[in-house]
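K.L.:
Next comes structure-v2.txt, compact mmCIF, C-alpha atoms and all ligand atoms:
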# COMPACT_ATOMS: atom_id res chain seq x y z
CA MET A 20 79.47 105.86 116.16
CA LYS A 21 83.20 105.88 115.44
CA GLY A 22 85.47 102.82 115.46
CA PRO A 23 89.17 102.50 116.35
CA LEU A 24 91.80 104.17 114.18
CA PHE A 25 93.84 102.30 111.57
CA TYR A 26 97.00 103.82 110.19
CA SER A 27 98.74 104.18 106.85
CA LYS A 28 102.00 102.32 106.17
CA ILE A 29 105.19 102.73 104.21
CA LEU A 30 106.83 99.81 102.47
CA LEU A 31 110.40 101.03 102.85
CA PHE A 32 111.83 98.21 100.71
CA GLY A 33 110.45 95.22 98.84
CA GLU A 34 107.90 96.52 96.31
CA TYR A 35 107.56 93.97 93.49
CA GLY A 36 110.41 91.92 94.96
CA ILE A 37 108.13 90.51 97.67
CA ILE A 38 105.92 89.06 94.95
CA LYS A 39 109.02 87.06 93.94
CA ASP A 40 110.44 86.24 97.37
CA SER A 41 112.75 89.15 98.11
CA LYS A 42 112.96 90.65 101.58
CA GLY A 43 110.73 93.54 102.51
CA LEU A 44 110.32 95.99 105.35
CA SER A 45 107.10 97.77 106.08
CA ILE A 46 106.54 100.34 108.84
CA PRO A 47 103.39 102.04 110.16
CA TYR A 48 103.01 105.68 109.19
CA ASN A 49 100.88 107.38 111.82
CA PHE A 50 100.50 110.70 110.00
CA TYR A 51 97.36 109.41 108.24
CA ASN A 52 94.57 107.25 109.62
CA GLY A 53 90.99 106.14 109.12
CA ALA A 54 88.05 104.74 111.12
CA LEU A 55 84.63 103.28 110.36
CA LYS A 56 81.95 105.83 111.13
CA LYS A 57 78.29 106.78 110.77
CA ASP A 58 77.02 110.38 110.54
CA GLU A 59 73.55 111.87 110.83
CA ASN A 60 74.15 114.09 107.81
CA PRO A 61 76.80 112.43 105.63
CA SER A 62 78.98 114.55 103.36
CA GLU A 63 79.46 113.77 99.67
CA VAL A 64 82.78 112.09 100.45
CA ALA A 65 81.07 109.93 103.09
CA ILE A 66 78.37 108.89 100.63
CA LYS A 67 81.00 107.92 98.04
CA SER A 68 82.95 105.94 100.60
CA ASN A 69 79.75 104.20 101.71
CA GLU A 70 79.05 103.15 98.12
CA SER A 71 82.56 101.70 97.87
CA LEU A 72 81.96 99.84 101.17
CA LYS A 73 78.72 98.37 99.81
CA ARG A 74 80.63 96.88 96.87
CA PHE A 75 83.34 95.64 99.19
CA ALA A 76 80.71 93.99 101.42
CA THR A 77 79.56 91.94 98.41
CA HIS A 78 83.14 90.76 97.87
CA ILE A 79 83.44 89.86 101.58
CA GLN A 80 80.34 87.68 101.28
CA GLY A 81 82.06 85.70 98.52
CA ILE A 82 85.20 84.83 100.53
CA ASP A 83 85.49 81.13 101.27
CA ASP A 84 84.45 80.18 104.81
CA SER A 85 87.59 78.09 105.18
CA ILE A 86 89.68 81.28 104.99
CA VAL A 87 87.64 83.49 107.32
CA ARG A 88 84.00 84.00 108.39
CA PHE A 89 82.34 87.35 108.95
CA ASP A 90 79.20 88.58 110.69
CA ILE A 91 77.70 89.42 107.29
CA ASP A 92 74.26 90.40 108.62
CA ARG A 93 75.73 93.05 110.89
CA LEU A 94 78.08 94.28 108.14
CA LEU A 95 75.20 94.65 105.66
CA GLU A 96 73.01 96.34 108.25
CA ASP A 97 75.77 98.87 108.95
CA VAL A 98 76.65 99.65 105.31
CA ASN A 99 72.95 99.92 104.47
CA SER A 100 72.54 102.48 107.22
CA GLY A 101 75.36 104.64 105.88
CA MET A 102 78.60 103.42 107.49
CA TYR A 103 81.70 104.71 105.73
CA PHE A 104 85.48 104.81 106.17
CA ASP A 105 86.38 108.24 107.47
CA SER A 106 90.00 108.44 106.36
CA SER A 107 92.77 110.98 105.81
CA ILE A 108 94.88 108.38 103.96
CA PRO A 109 95.25 109.50 100.33
CA GLN A 110 93.98 106.90 97.86
CA GLY A 111 96.27 105.50 95.19
CA TYR A 112 99.34 107.02 96.85
CA GLY A 113 101.09 103.83 97.94
CA VAL A 114 100.54 104.36 101.67
CA GLY A 115 97.84 101.75 102.09
CA SER A 116 94.40 103.40 102.07
CA SER A 117 92.72 100.11 101.12
CA GLY A 118 94.88 98.23 103.63
CA ALA A 119 93.61 100.35 106.53
CA LEU A 120 90.02 99.85 105.37
CA VAL A 121 90.50 96.07 105.16
CA ALA A 122 92.02 96.02 108.67
CA ALA A 123 89.08 98.02 110.06
CA ILE A 124 86.49 95.67 108.51
CA TYR A 125 88.30 92.55 109.73
CA ASP A 126 88.59 94.02 113.22
CA LYS A 127 84.89 94.83 113.43
CA TYR A 128 83.20 91.93 111.64
CA ALA A 129 85.41 88.81 111.57
CA PHE A 130 84.49 85.80 113.71
CA ASP A 131 87.31 84.00 115.60
CA LYS A 132 89.54 86.99 115.19
CA ILE A 133 93.29 86.79 115.67
CA THR A 134 93.92 89.80 117.89
CA VAL A 135 96.98 91.96 118.45
CA LEU A 136 96.99 90.90 122.11
CA GLU A 137 97.83 87.27 121.32
CA ASN A 138 101.28 85.78 121.02
CA LEU A 139 101.68 86.34 117.30
CA THR A 140 103.43 83.21 116.12
CA ARG A 141 104.70 83.00 112.55
CA GLU A 142 101.72 80.75 111.72
CA LYS A 143 99.23 83.32 113.03
CA LEU A 144 100.92 86.10 111.07
CA LEU A 145 100.80 84.05 107.87
CA LYS A 146 97.16 83.17 108.50
CA LEU A 147 96.30 86.85 108.97
CA LYS A 148 98.26 87.75 105.85
CA SER A 149 96.33 85.22 103.75
CA ILE A 150 92.98 86.46 105.10
CA PHE A 151 93.95 90.04 104.30
CA SER A 152 95.19 89.03 100.86
CA ALA A 153 91.76 87.50 100.05
CA MET A 154 90.01 90.61 101.33
CA GLU A 155 92.26 93.21 99.68
CA SER A 156 92.32 91.50 96.29
CA PHE A 157 88.98 93.25 95.72
CA PHE A 158 90.84 96.57 95.41
CA HIS A 159 93.76 95.63 93.20
CA GLY A 160 93.53 92.14 91.79
CA SER A 161 96.36 90.36 93.50
CA SER A 162 97.58 91.50 96.88
CA SER A 163 100.25 90.23 99.24
CA GLY A 164 98.04 91.23 102.19
CA LEU A 165 100.96 93.04 103.75
CA ASP A 166 99.38 96.52 103.85
CA PRO A 167 96.37 95.48 105.96
CA LEU A 168 98.64 93.38 108.19
CA ASN A 169 100.77 96.40 108.92
CA SER A 170 97.77 98.58 109.55
CA TYR A 171 96.07 95.98 111.75
CA LEU A 172 99.09 95.34 113.93
CA SER A 173 100.60 98.84 113.84
CA ILE A 174 104.13 97.44 114.12
CA PRO A 175 107.02 97.13 111.64
CA ILE A 176 106.97 93.90 109.68
CA LEU A 177 109.96 92.14 108.20
CA ILE A 178 109.37 89.89 105.22
CA ASN A 179 112.19 87.38 105.00
CA SER A 180 110.51 85.54 102.14
CA LYS A 181 106.97 84.79 101.01
CA ASP A 182 106.30 82.31 103.81
CA ASN A 183 108.52 83.77 106.45
CA ILE A 184 107.39 87.03 108.01
CA GLU A 185 107.88 88.42 111.48
CA ALA A 186 107.16 91.44 113.61
CA THR A 187 110.38 93.38 114.03
CA GLY A 188 111.88 96.39 115.75
CA ILE A 189 113.62 99.13 113.78
CA PRO A 190 116.53 101.26 115.04
CA ALA A 191 115.31 104.25 117.08
CA GLN A 192 115.20 107.51 115.17
CA GLN A 193 117.89 110.13 115.77
CA SER A 194 115.86 113.28 116.23
CA GLU A 195 119.02 115.38 115.66
CA GLY A 196 120.16 113.26 112.70
CA LYS A 197 120.92 114.99 109.41
CA GLY A 198 119.91 112.05 107.24
CA GLY A 199 116.43 110.84 106.61
CA VAL A 200 113.71 109.16 104.62
CA PHE A 201 111.08 111.35 102.99
CA LEU A 202 107.97 111.13 100.87
CA LEU A 203 107.85 113.18 97.68
CA ASP A 204 104.37 113.93 96.40
CA SER A 205 104.17 113.28 92.64
CA GLY A 206 100.76 114.96 92.52
CA ILE A 207 99.44 112.10 90.39
CA ILE A 208 97.12 109.31 91.55
CA GLY A 209 98.62 105.88 90.84
CA GLU A 210 96.83 102.63 90.23
CA THR A 211 98.24 99.43 91.65
CA ALA A 212 96.54 96.84 89.39
CA PRO A 213 97.94 97.95 85.97
CA MET A 214 101.43 98.40 87.42
CA VAL A 215 101.44 94.86 88.85
CA THR A 216 100.16 93.52 85.50
CA LEU A 217 102.99 95.31 83.71
CA PHE A 218 105.50 93.81 86.11
CA MET A 219 104.09 90.33 85.53
CA GLU A 220 104.37 90.84 81.75
CA SER A 221 108.04 91.89 82.09
CA MET A 222 108.68 88.79 84.19
CA LYS A 223 107.95 86.66 81.13
CA LYS A 224 111.28 87.89 79.70
CA GLU A 225 114.41 86.08 80.76
CA GLY A 226 116.53 89.24 80.76
CA PHE A 227 114.15 91.00 83.15
CA ARG A 228 113.98 87.95 85.41
CA ASN A 229 117.78 87.83 85.62
CA MET A 230 117.99 91.55 86.32
CA LEU A 231 115.40 91.15 89.09
CA LYS A 232 117.26 88.33 90.77
CA ASN A 233 120.84 89.53 90.31
CA GLN A 234 120.34 93.27 90.78
CA PHE A 235 116.96 94.41 92.11
CA ILE A 236 116.45 91.71 94.74
CA LYS A 237 120.13 91.63 95.68
CA HIS A 238 120.12 95.33 96.56
CA THR A 239 116.64 95.28 98.09
CA ASP A 240 117.72 92.51 100.47
CA ALA A 241 120.92 94.38 101.29
CA CYS A 242 118.96 97.59 102.01
CA VAL A 243 116.67 95.74 104.43
CA ASP A 244 119.65 94.21 106.26
CA ASP A 245 121.49 97.55 106.41
CA PHE A 246 118.44 99.43 107.66
CA LEU A 247 117.78 96.93 110.45
CA LYS A 248 121.45 96.83 111.47
CA GLY A 249 121.66 100.62 111.37
CA ASP A 250 124.57 100.45 108.91
CA ILE A 251 123.84 103.83 107.34
CA LYS A 252 126.93 103.94 105.12
CA SER A 253 126.15 100.67 103.44
CA LEU A 254 122.44 101.57 103.32
CA PHE A 255 123.15 104.62 101.18
CA ARG A 256 125.46 102.66 98.90
CA ASN A 257 122.76 100.07 98.31
CA THR A 258 119.93 102.60 98.02
CA LYS A 259 121.91 104.40 95.32
CA GLN A 260 122.25 101.15 93.38
CA LEU A 261 118.55 100.43 93.85
CA SER A 262 117.66 103.91 92.62
CA LYS A 263 119.74 103.36 89.45
CA ILE A 264 118.25 99.91 88.79
CA VAL A 265 114.70 101.24 89.14
CA LEU A 266 115.42 104.15 86.80
CA ASN A 267 116.82 101.74 84.20
CA HIS A 268 114.33 98.89 84.49
CA PHE A 269 111.11 100.19 86.11
CA LYS A 270 110.68 103.37 84.04
CA PRO A 271 106.92 102.90 83.44
CA MET A 272 106.43 102.95 87.21
CA ILE A 273 108.05 106.40 87.45
CA PRO A 274 105.96 109.32 86.18
CA GLN A 275 107.75 110.83 83.14
CA GLN A 276 108.22 114.26 84.71
CA PHE A 277 110.26 112.72 87.54
CA HIS A 278 112.85 110.90 85.40
CA GLU A 279 115.25 113.88 85.35
CA LEU A 280 114.81 114.58 89.05
CA TRP A 281 115.49 110.90 89.78
CA LYS A 282 118.74 111.04 87.79
CA LYS A 283 119.79 114.32 89.38
CA GLY A 284 119.72 112.67 92.83
CA ILE A 285 121.99 109.85 91.65
CA ASP A 286 124.41 112.22 89.88
CA THR A 287 124.73 114.68 92.78
CA ASN A 288 124.36 112.16 95.66
CA GLU A 289 122.03 114.70 97.30
CA TYR A 290 119.17 112.18 97.52
CA TYR A 291 118.20 108.79 96.12
CA LEU A 292 114.67 108.12 94.95
CA LYS A 293 112.88 104.76 94.91
CA LEU A 294 109.35 103.49 94.40
CA CYS A 295 106.87 103.70 97.27
CA GLY A 296 104.60 100.71 96.74
CA SER A 297 103.67 99.96 93.17
CA GLY A 298 104.51 103.44 91.82
CA GLY A 299 102.90 104.96 88.73
CA GLY A 300 102.20 108.11 90.75
CA GLY A 301 101.34 108.76 94.37
CA TYR A 302 104.33 109.12 96.63
CA ILE A 303 107.96 108.55 95.66
CA LEU A 304 110.24 107.52 98.52
CA GLY A 305 113.51 109.41 99.04
CA PHE A 306 116.65 108.67 101.07
CA THR A 307 119.17 111.39 101.89
CA GLU A 308 122.26 111.85 104.03
CA ASP A 309 121.38 115.50 104.41
CA ILE A 310 117.73 116.49 104.64
CA GLU A 311 118.42 120.21 104.31
CA LYS A 312 120.44 119.71 101.13
CA ALA A 313 117.73 117.46 99.69
CA LYS A 314 115.06 120.07 100.51
CA GLN A 315 117.06 122.74 98.71
CA SER A 316 117.71 120.49 95.76
CA LEU A 317 114.02 119.58 95.58
CA SER A 318 112.63 123.02 96.33
CA GLY A 319 109.26 123.47 94.71
CA TYR A 320 108.27 119.88 95.58
CA LYS A 321 106.26 118.71 98.56
CA LEU A 322 108.45 116.68 100.96
CA GLU A 323 107.35 114.91 104.15
CA VAL A 324 110.15 113.56 106.34
CA VAL A 325 109.10 110.20 107.79
CA TYR A 326 112.27 108.94 109.48
CA ASN A 327 115.49 110.56 110.73
CA PHE A 328 118.88 108.85 110.80
N1 LIG A 401 87.97 106.10 102.74
C1 LIG A 401 87.66 105.14 101.86
N2 LIG A 401 86.39 104.76 101.67
C2 LIG A 401 86.06 103.80 100.79
N3 LIG A 401 86.95 103.16 100.00
C3 LIG A 401 88.24 103.49 100.14
C4 LIG A 401 88.67 104.48 101.08
N4 LIG A 401 90.01 104.59 101.01
C5 LIG A 401 90.41 103.71 100.05
N5 LIG A 401 89.37 103.05 99.53
C6 LIG A 401 89.40 102.05 98.44
O1 LIG A 401 90.75 101.67 98.21
C7 LIG A 401 91.13 101.97 96.85
C8 LIG A 401 92.57 102.41 96.79
O2 LIG A 401 93.42 101.36 97.14
P1 LIG A 401 94.77 100.99 96.38
O3 LIG A 401 94.53 101.00 94.90
O4 LIG A 401 95.29 99.77 97.02
O5 LIG A 401 95.72 102.20 96.69
P2 LIG A 401 96.51 102.53 98.01
O6 LIG A 401 96.31 101.39 98.96
O7 LIG A 401 97.92 102.67 97.53
O8 LIG A 401 95.95 103.80 98.52
C9 LIG A 401 90.16 103.03 96.42
O9 LIG A 401 89.99 103.02 95.02
C10 LIG A 401 88.88 102.64 97.16
O10 LIG A 401 88.19 101.63 96.47
C1 LIG A 402 103.73 96.17 94.19
C2 LIG A 402 103.51 95.47 95.52
O1 LIG A 402 104.65 94.64 95.79
C3 LIG A 402 103.48 96.48 96.64
C4 LIG A 402 102.14 97.06 96.98
O2 LIG A 402 101.94 98.30 96.42
P1 LIG A 402 100.81 99.35 96.95
O3 LIG A 402 101.24 99.72 98.37
O4 LIG A 402 99.49 98.66 96.94
O5 LIG A 402 100.94 100.47 95.98
C5 LIG A 402 102.26 94.61 95.43
C6 LIG A 402 101.99 93.71 96.63
O6 LIG A 402 102.94 93.15 97.18
O7 LIG A 402 100.79 93.56 96.98
Give the structure from the file, written as structure tokens.
P.N.:
Amino acid sequence: MKGPLFYSKILLFGEYGIIKDSKGLSIPYNFYNGALKKDENPSEVAIKSNESLKRFATHIQGIDDSIVRFDIDRLLEDVNSGMYFDSSIPQGYGVGSSGALVAAIYDKYAFDKITVLENLTREKLLKLKSIFSAMESFFHGSSSGLDPLNSYLSIPILINSKDNIEATGIPAQQSEGKGGVFLLDSGIIGETAPMVTLFMESMKKEGFRNMLKNQFIKHTDACVDDFLKGDIKSLFRNTKQLSKIVLNHFKPMIPQQFHELWKKGIDTNEYYLKLCGSGGGGYILGFTEDIEKAKQSLSGYKLEVVYNF
């Protein structure tokens, strides 16, 4: 048995801000995917994944019926006979490995499912997001539910504010374009929960709250608008500002050995780095007006281009 594929995602803009009502833009990333599966002779990885699914199934059982109901008997039967999530999505890398798993479980076991074929009104999207938030909270405490939503629908999602989200189109890629967005592999596994806790602690300070509102959210919102409008010039101006703000105020979310590299991009204008999801390791997201120059400047690092301007 092998179920349908669910893909990874990239939150281009909005990490942390979306917890506090900034805009956000999330796009599917089809390079990685995962599917529920059973094997006759499971590998060690499959056995480990199955154990994780067993724990997750217990959490699913505890979700309030008023939020969503599942075919628990069938879920338990399947996990007890070895079902696992066969996935190429790296874990703790900020590209939504738990989100894809949540989407796959909802798709297979939820009753009264909201499907991708329906007219997805704003209400339905918010309902789905709250279901996914309840499910995904098992993996990292609090969750906006956006990762599973992206994976489930496989379309870009625009977050206007906490209660206002919509499916959106993004400008078509320019295959010949010199500029681009890339993932930089930090080589370190990040953990979402402690990073979000740290952010919440910082939010208790007035200075940090002001910085978030007047700088971080201001430029995040501007980046989202620029990206959707295709205003590349303004996008790079705002991404540069965002990169500086993150280096100054989100240092714990950037692995130490990348602080210099981060600064080098800002000083040379060869690339601008930002967080990819909660940070603390995993991927770092890069924006550049010249991919070749960025590759040279970052030689020795693993880069994956995900979008061309
Ligand atoms: N293939 C898988 N099988 C079982 N559990 C998985 C699988 N992929 C991810 N997970 C679960 O999701 C967790 C990682 O999710 P998270 O911390 O949100 O990071 P991210 O979503 O950025 O990859 C893992 O610790 C594991 O519990
Ligand atoms: C930090 C946050 O804004 C983005 C999610 O990060 P990650 O993709 O789980 O690493 C948390 C959230 O919105 O759930």
K.L.:
Listed atoms of ligand LIG 402 (chain A), axis-aligned box, 4 Å per side: centre and edge lengths to one decimal in Å, as JSON?
P.N.:
{"center_x": 102.1, "center_y": 96.8, "center_z": 96.3, "size_x": 13.2, "size_y": 15.3, "size_z": 12.2}
K.L.:
At most 9 Å is the cut-off: for each residue in region 119-238 of chain A with any atom that close to an atom of region 269-293 of chain A, write down the nearest atom pair and the distance in Å rounded to one decimal, counting only C-alpha atoms, chain first then increasing number, as CSV.
P.N.:
residue,atom,partner,partner_atom,distance
A:Leu203,CA,A:Leu292,CA,8.9
A:Ser205,CA,A:Pro274,CA,7.8
A:Ile207,CA,A:Pro274,CA,8.2
A:Met214,CA,A:Met272,CA,6.8
A:Leu217,CA,A:Pro271,CA,8.6
A:Phe218,CA,A:Phe269,CA,8.5
K.L.:
Determine the nearest neighbour of Leu177 (chain A) from the options A:Ile124, A:Leu30, A:Val215, A:Ala76, counting all atoms listed in the file.
P.N.:
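Counting all atoms listed in the file, the residue closest to Leu177 (chain A) is A:Leu30.
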K.L.:
Taking into account all atoms listed in the file, which residue in the set A:Tyr125, A:Phe157, A:Phe130, A:Phe104 is nearest to Ser85 (chain A)?
P.N.:
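When distances to Ser85 (chain A) are compared using all atoms listed in the file, the smallest one comes from A:Phe130.
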K.L.:
Using only C-alpha atoms and all ligand atoms, find each protein or nucleic acid residue lying at most 8 Å from ligand LIG 401 (chain A); present the set as a PDB file with C-alpha atoms, in the frame of the given file.
P.N.:
ATOM      1  CA  GLY A  53      90.990 106.140 109.120  1.00  0.00           C
ATOM      2  CA  ALA A  65      81.070 109.930 103.090  1.00  0.00           C
ATOM      3  CA  LYS A  67      81.000 107.920  98.040  1.00  0.00           C
ATOM      4  CA  SER A  68      82.950 105.940 100.600  1.00  0.00           C
ATOM      5  CA  ASN A  69      79.750 104.200 101.710  1.00  0.00           C
ATOM      6  CA  GLU A  70      79.050 103.150  98.120  1.00  0.00           C
ATOM      7  CA  SER A  71      82.560 101.700  97.870  1.00  0.00           C
ATOM      8  CA  LEU A  72      81.960  99.840 101.170  1.00  0.00           C
ATOM      9  CA  TYR A 103      81.700 104.710 105.730  1.00  0.00           C
ATOM     10  CA  PHE A 104      85.480 104.810 106.170  1.00  0.00           C
ATOM     11  CA  ASP A 105      86.380 108.240 107.470  1.00  0.00           C
ATOM     12  CA  SER A 106      90.000 108.440 106.360  1.00  0.00           C
ATOM     13  CA  SER A 107      92.770 110.980 105.810  1.00  0.00           C
ATOM     14  CA  ILE A 108      94.880 108.380 103.960  1.00  0.00           C
ATOM     15  CA  PRO A 109      95.250 109.500 100.330  1.00  0.00           C
ATOM     16  CA  GLN A 110      93.980 106.900  97.860  1.00  0.00           C
ATOM     17  CA  GLY A 111      96.270 105.500  95.190  1.00  0.00           C
ATOM     18  CA  TYR A 112      99.340 107.020  96.850  1.00  0.00           C
ATOM     19  CA  GLY A 113     101.090 103.830  97.940  1.00  0.00           C
ATOM     20  CA  VAL A 114     100.540 104.360 101.670  1.00  0.00           C
ATOM     21  CA  GLY A 115      97.840 101.750 102.090  1.00  0.00           C
ATOM     22  CA  SER A 116      94.400 103.400 102.070  1.00  0.00           C
ATOM     23  CA  SER A 117      92.720 100.110 101.120  1.00  0.00           C
ATOM     24  CA  GLY A 118      94.880  98.230 103.630  1.00  0.00           C
ATOM     25  CA  ALA A 119      93.610 100.350 106.530  1.00  0.00           C
ATOM     26  CA  LEU A 120      90.020  99.850 105.370  1.00  0.00           C
ATOM     27  CA  GLU A 155      92.260  93.210  99.680  1.00  0.00           C
ATOM     28  CA  PHE A 158      90.840  96.570  95.410  1.00  0.00           C
ATOM     29  CA  HIS A 159      93.760  95.630  93.200  1.00  0.00           C
ATOM     30  CA  ASP A 166      99.380  96.520 103.850  1.00  0.00           C
ATOM     31  CA  GLY A 209      98.620 105.880  90.840  1.00  0.00           C
ATOM     32  CA  GLU A 210      96.830 102.630  90.230  1.00  0.00           C
ATOM     33  CA  THR A 211      98.240  99.430  91.650  1.00  0.00           C
ATOM     34  CA  ALA A 212      96.540  96.840  89.390  1.00  0.00           C
ATOM     35  CA  GLY A 296     104.600 100.710  96.740  1.00  0.00           C
ATOM     36  CA  SER A 297     103.670  99.960  93.170  1.00  0.00           C
ATOM     37  CA  GLY A 301     101.340 108.760  94.370  1.00  0.00           C
TER      38      GLY A 301
END
K.L.:
For the atom pair CA of Leu168 (chain A) and CA of Pro213 (chain A), what is the interatomic distance in Å to one decimal place?
P.N.:
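If I compute the distance from CA of Leu168 (chain A) to CA of Pro213 (chain A), I get 22.7 Å.
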K.L.:
Just the number, please: distance in Å from CA of Gly22 (chain A) to CA of His78 (chain A), one decimal.
P.N.:
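It comes out at 21.5 Å.
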K.L.:
Between A:Asn257, A:Ser41, A:Ser100, A:Ser162, which residue has the minimum interatomic distance to ligand LIG 402 (chain A), considering all atoms listed in the file?
P.N.:
A:Ser162
K.L.:
Under the rule that only C-alpha atoms are counted, which of A:Tyr320, A:Phe235, A:Phe201, A:Tyr48 is the nearest residue to Ser262 (chain A)?
P.N.:
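Residue with the minimum atom-to-atom distance to Ser262 (chain A): A:Phe235.
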K.L.:
What's the 12 Å shell around Asp84 (chain A), counting only C-alpha atoms, without same-chain residues fewer than 6 positions away, as a PDB file with C-alpha atoms, in the coordinates of the input?
P.N.:
ATOM      1  CA  ASP A  90      79.200  88.580 110.690  1.00  0.00           C
ATOM      2  CA  ILE A  91      77.700  89.420 107.290  1.00  0.00           C
ATOM      3  CA  ALA A 129      85.410  88.810 111.570  1.00  0.00           C
ATOM      4  CA  PHE A 130      84.490  85.800 113.710  1.00  0.00           C
ATOM      5  CA  ASP A 131      87.310  84.000 115.600  1.00  0.00           C
ATOM      6  CA  ILE A 150      92.980  86.460 105.100  1.00  0.00           C
ATOM      7  CA  ALA A 153      91.760  87.500 100.050  1.00  0.00           C
TER       8      ALA A 153
END
K.L.:
Would you kindly return, as a list in words, each protein, DNA or RNA residue with an atom no farther than 12 Å from any atom of Gly196 (chain A), considering all atoms listed in the file and excluding same-chain residues fewer than 2 positions away?
P.N.:
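Listing them by chain and then by number gives Ala191, Gln192, Gln193, Ser194, Gly198, Gly199, Val200, Ile251, Thr307, Glu308, Asp309, Ile310, Glu311, Val324, Tyr326, Asn327 and Phe328 of chain A.
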K.L.:
Write the residues of the preceding selection, restricted to C-alpha atoms, as a PDB file, keeping the file's coordinate frame.
P.N.:
ATOM      1  CA  ALA A 191     115.310 104.250 117.080  1.00  0.00           C
ATOM      2  CA  GLN A 192     115.200 107.510 115.170  1.00  0.00           C
ATOM      3  CA  GLN A 193     117.890 110.130 115.770  1.00  0.00           C
ATOM      4  CA  SER A 194     115.860 113.280 116.230  1.00  0.00           C
ATOM      5  CA  GLY A 198     119.910 112.050 107.240  1.00  0.00           C
ATOM      6  CA  GLY A 199     116.430 110.840 106.610  1.00  0.00           C
ATOM      7  CA  VAL A 200     113.710 109.160 104.620  1.00  0.00           C
ATOM      8  CA  ILE A 251     123.840 103.830 107.340  1.00  0.00           C
ATOM      9  CA  THR A 307     119.170 111.390 101.890  1.00  0.00           C
ATOM     10  CA  GLU A 308     122.260 111.850 104.030  1.00  0.00           C
ATOM     11  CA  ASP A 309     121.380 115.500 104.410  1.00  0.00           C
ATOM     12  CA  ILE A 310     117.730 116.490 104.640  1.00  0.00           C
ATOM     13  CA  GLU A 311     118.420 120.210 104.310  1.00  0.00           C
ATOM     14  CA  VAL A 324     110.150 113.560 106.340  1.00  0.00           C
ATOM     15  CA  TYR A 326     112.270 108.940 109.480  1.00  0.00           C
ATOM     16  CA  ASN A 327     115.490 110.560 110.730  1.00  0.00           C
ATOM     17  CA  PHE A 328     118.880 108.850 110.800  1.00  0.00           C
TER      18      PHE A 328
END
K.L.:
Between A:Leu136, A:Ile29, A:Leu304, A:Leu322, which has the minimum distance to ligand LIG 402 (chain A) (counting all atoms listed in the file)?
P.N.:
A:Ile29
K.L.:
Please list as a list of chain:residue names every residue within 12 Å of Met222 (chain A), counting all atoms listed in the file and excluding residues in the same chain fewer than 3 positions away.
P.N.:
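Here the answer would be A:Tyr35, A:Gly36, A:Ile38, A:Lys39, A:Val215, A:Thr216, A:Leu217, A:Phe218, A:Met219, A:Glu225, A:Gly226, A:Phe227, A:Arg228, A:Asn229, A:Met230, A:Leu231, A:Lys232, A:His268, A:Phe269.
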K.L.:
Smallest atom-to-atom distance to ligand LIG 402 (chain A): which of A:Ile176, A:Leu165, A:Ile184, A:Leu147, using all atoms listed in the file?
P.N.:
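Result for the nearest residue to ligand LIG 402 (chain A): A:Leu165.
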K.L.:
May I ask for the distance between CA of Ser170 (chain A) and CA of Ile79 (chain A), given in Å to one decimal place?
P.N.:
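It comes out at 18.6 Å.
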K.L.:
Write out as a PyMOL selection string each polymer residue whose atoms come within 7 Å of Tyr171 (chain A), counting all atoms listed in the file; drop sequence neighbours fewer than 3 positions from it.
P.N.:
chain A and resi 25+122+167-168
K.L.:
For Asp40 (chain A), find every residue with an atom within 8 Å (counting all atoms listed in the file), except residues of its own chain fewer than 5 positions away, and show them as a PyMOL selection string.
P.N.:
chain A and resi 179-181
K.L.:
Report as CSV the residues of region 147-249 of chain A within 9 Å of region 139-143 of chain A, each with its shortest atom pair and distance in Å (one decimal), using all atoms listed in the file, ordered by chain and increasing residue number.
P.N.:
residue,atom,partner,partner_atom,distance
A:Leu147,CA,A:Lys143,CA,6.1
A:Lys148,CA,A:Lys143,CA,8.5
A:Asp182,CA,A:Arg141,CA,8.9
A:Asn183,CA,A:Arg141,CA,7.2
A:Ile184,CA,A:Arg141,CA,6.6
A:Glu185,CA,A:Arg141,CA,6.4
A:Ala186,CA,A:Leu139,CA,8.3
K.L.:
Working from the structure I just supplied, which lacks atoms in region 116-121 of chain A, can you model N, CA, C and O atoms there and output them as a PDB file, in the frame of the given file?
P.N.:
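What ended up in part-v5.pdb:
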ATOM      1  N   SER A 116      95.764 102.988 101.693  1.00  0.00           N
ATOM      2  CA  SER A 116      94.400 103.400 102.070  1.00  0.00           C
ATOM      3  C   SER A 116      93.460 102.187 102.095  1.00  0.00           C
ATOM      4  O   SER A 116      92.632 102.042 103.003  1.00  0.00           O
ATOM      5  N   SER A 117      93.602 101.281 101.122  1.00  0.00           N
ATOM      6  CA  SER A 117      92.720 100.110 101.120  1.00  0.00           C
ATOM      7  C   SER A 117      93.129  99.137 102.225  1.00  0.00           C
ATOM      8  O   SER A 117      92.282  98.456 102.802  1.00  0.00           O
ATOM      9  N   GLY A 118      94.407  99.116 102.556  1.00  0.00           N
ATOM     10  CA  GLY A 118      94.880  98.230 103.630  1.00  0.00           C
ATOM     11  C   GLY A 118      94.250  98.600 104.966  1.00  0.00           C
ATOM     12  O   GLY A 118      93.816  97.730 105.724  1.00  0.00           O
ATOM     13  N   ALA A 119      94.189  99.896 105.260  1.00  0.00           N
ATOM     14  CA  ALA A 119      93.610 100.350 106.530  1.00  0.00           C
ATOM     15  C   ALA A 119      92.113 100.025 106.574  1.00  0.00           C
ATOM     16  O   ALA A 119      91.583  99.601 107.610  1.00  0.00           O
ATOM     17  N   LEU A 120      91.450 100.172 105.443  1.00  0.00           N
ATOM     18  CA  LEU A 120      90.020  99.850 105.370  1.00  0.00           C
ATOM     19  C   LEU A 120      89.789  98.353 105.614  1.00  0.00           C
ATOM     20  O   LEU A 120      88.902  97.954 106.392  1.00  0.00           O
ATOM     21  N   VAL A 121      90.606  97.526 104.979  1.00  0.00           N
ATOM     22  CA  VAL A 121      90.500  96.070 105.160  1.00  0.00           C
ATOM     23  C   VAL A 121      90.713  95.700 106.636  1.00  0.00           C
ATOM     24  O   VAL A 121      89.956  94.920 107.216  1.00  0.00           O
TER      25      VAL A 121
END
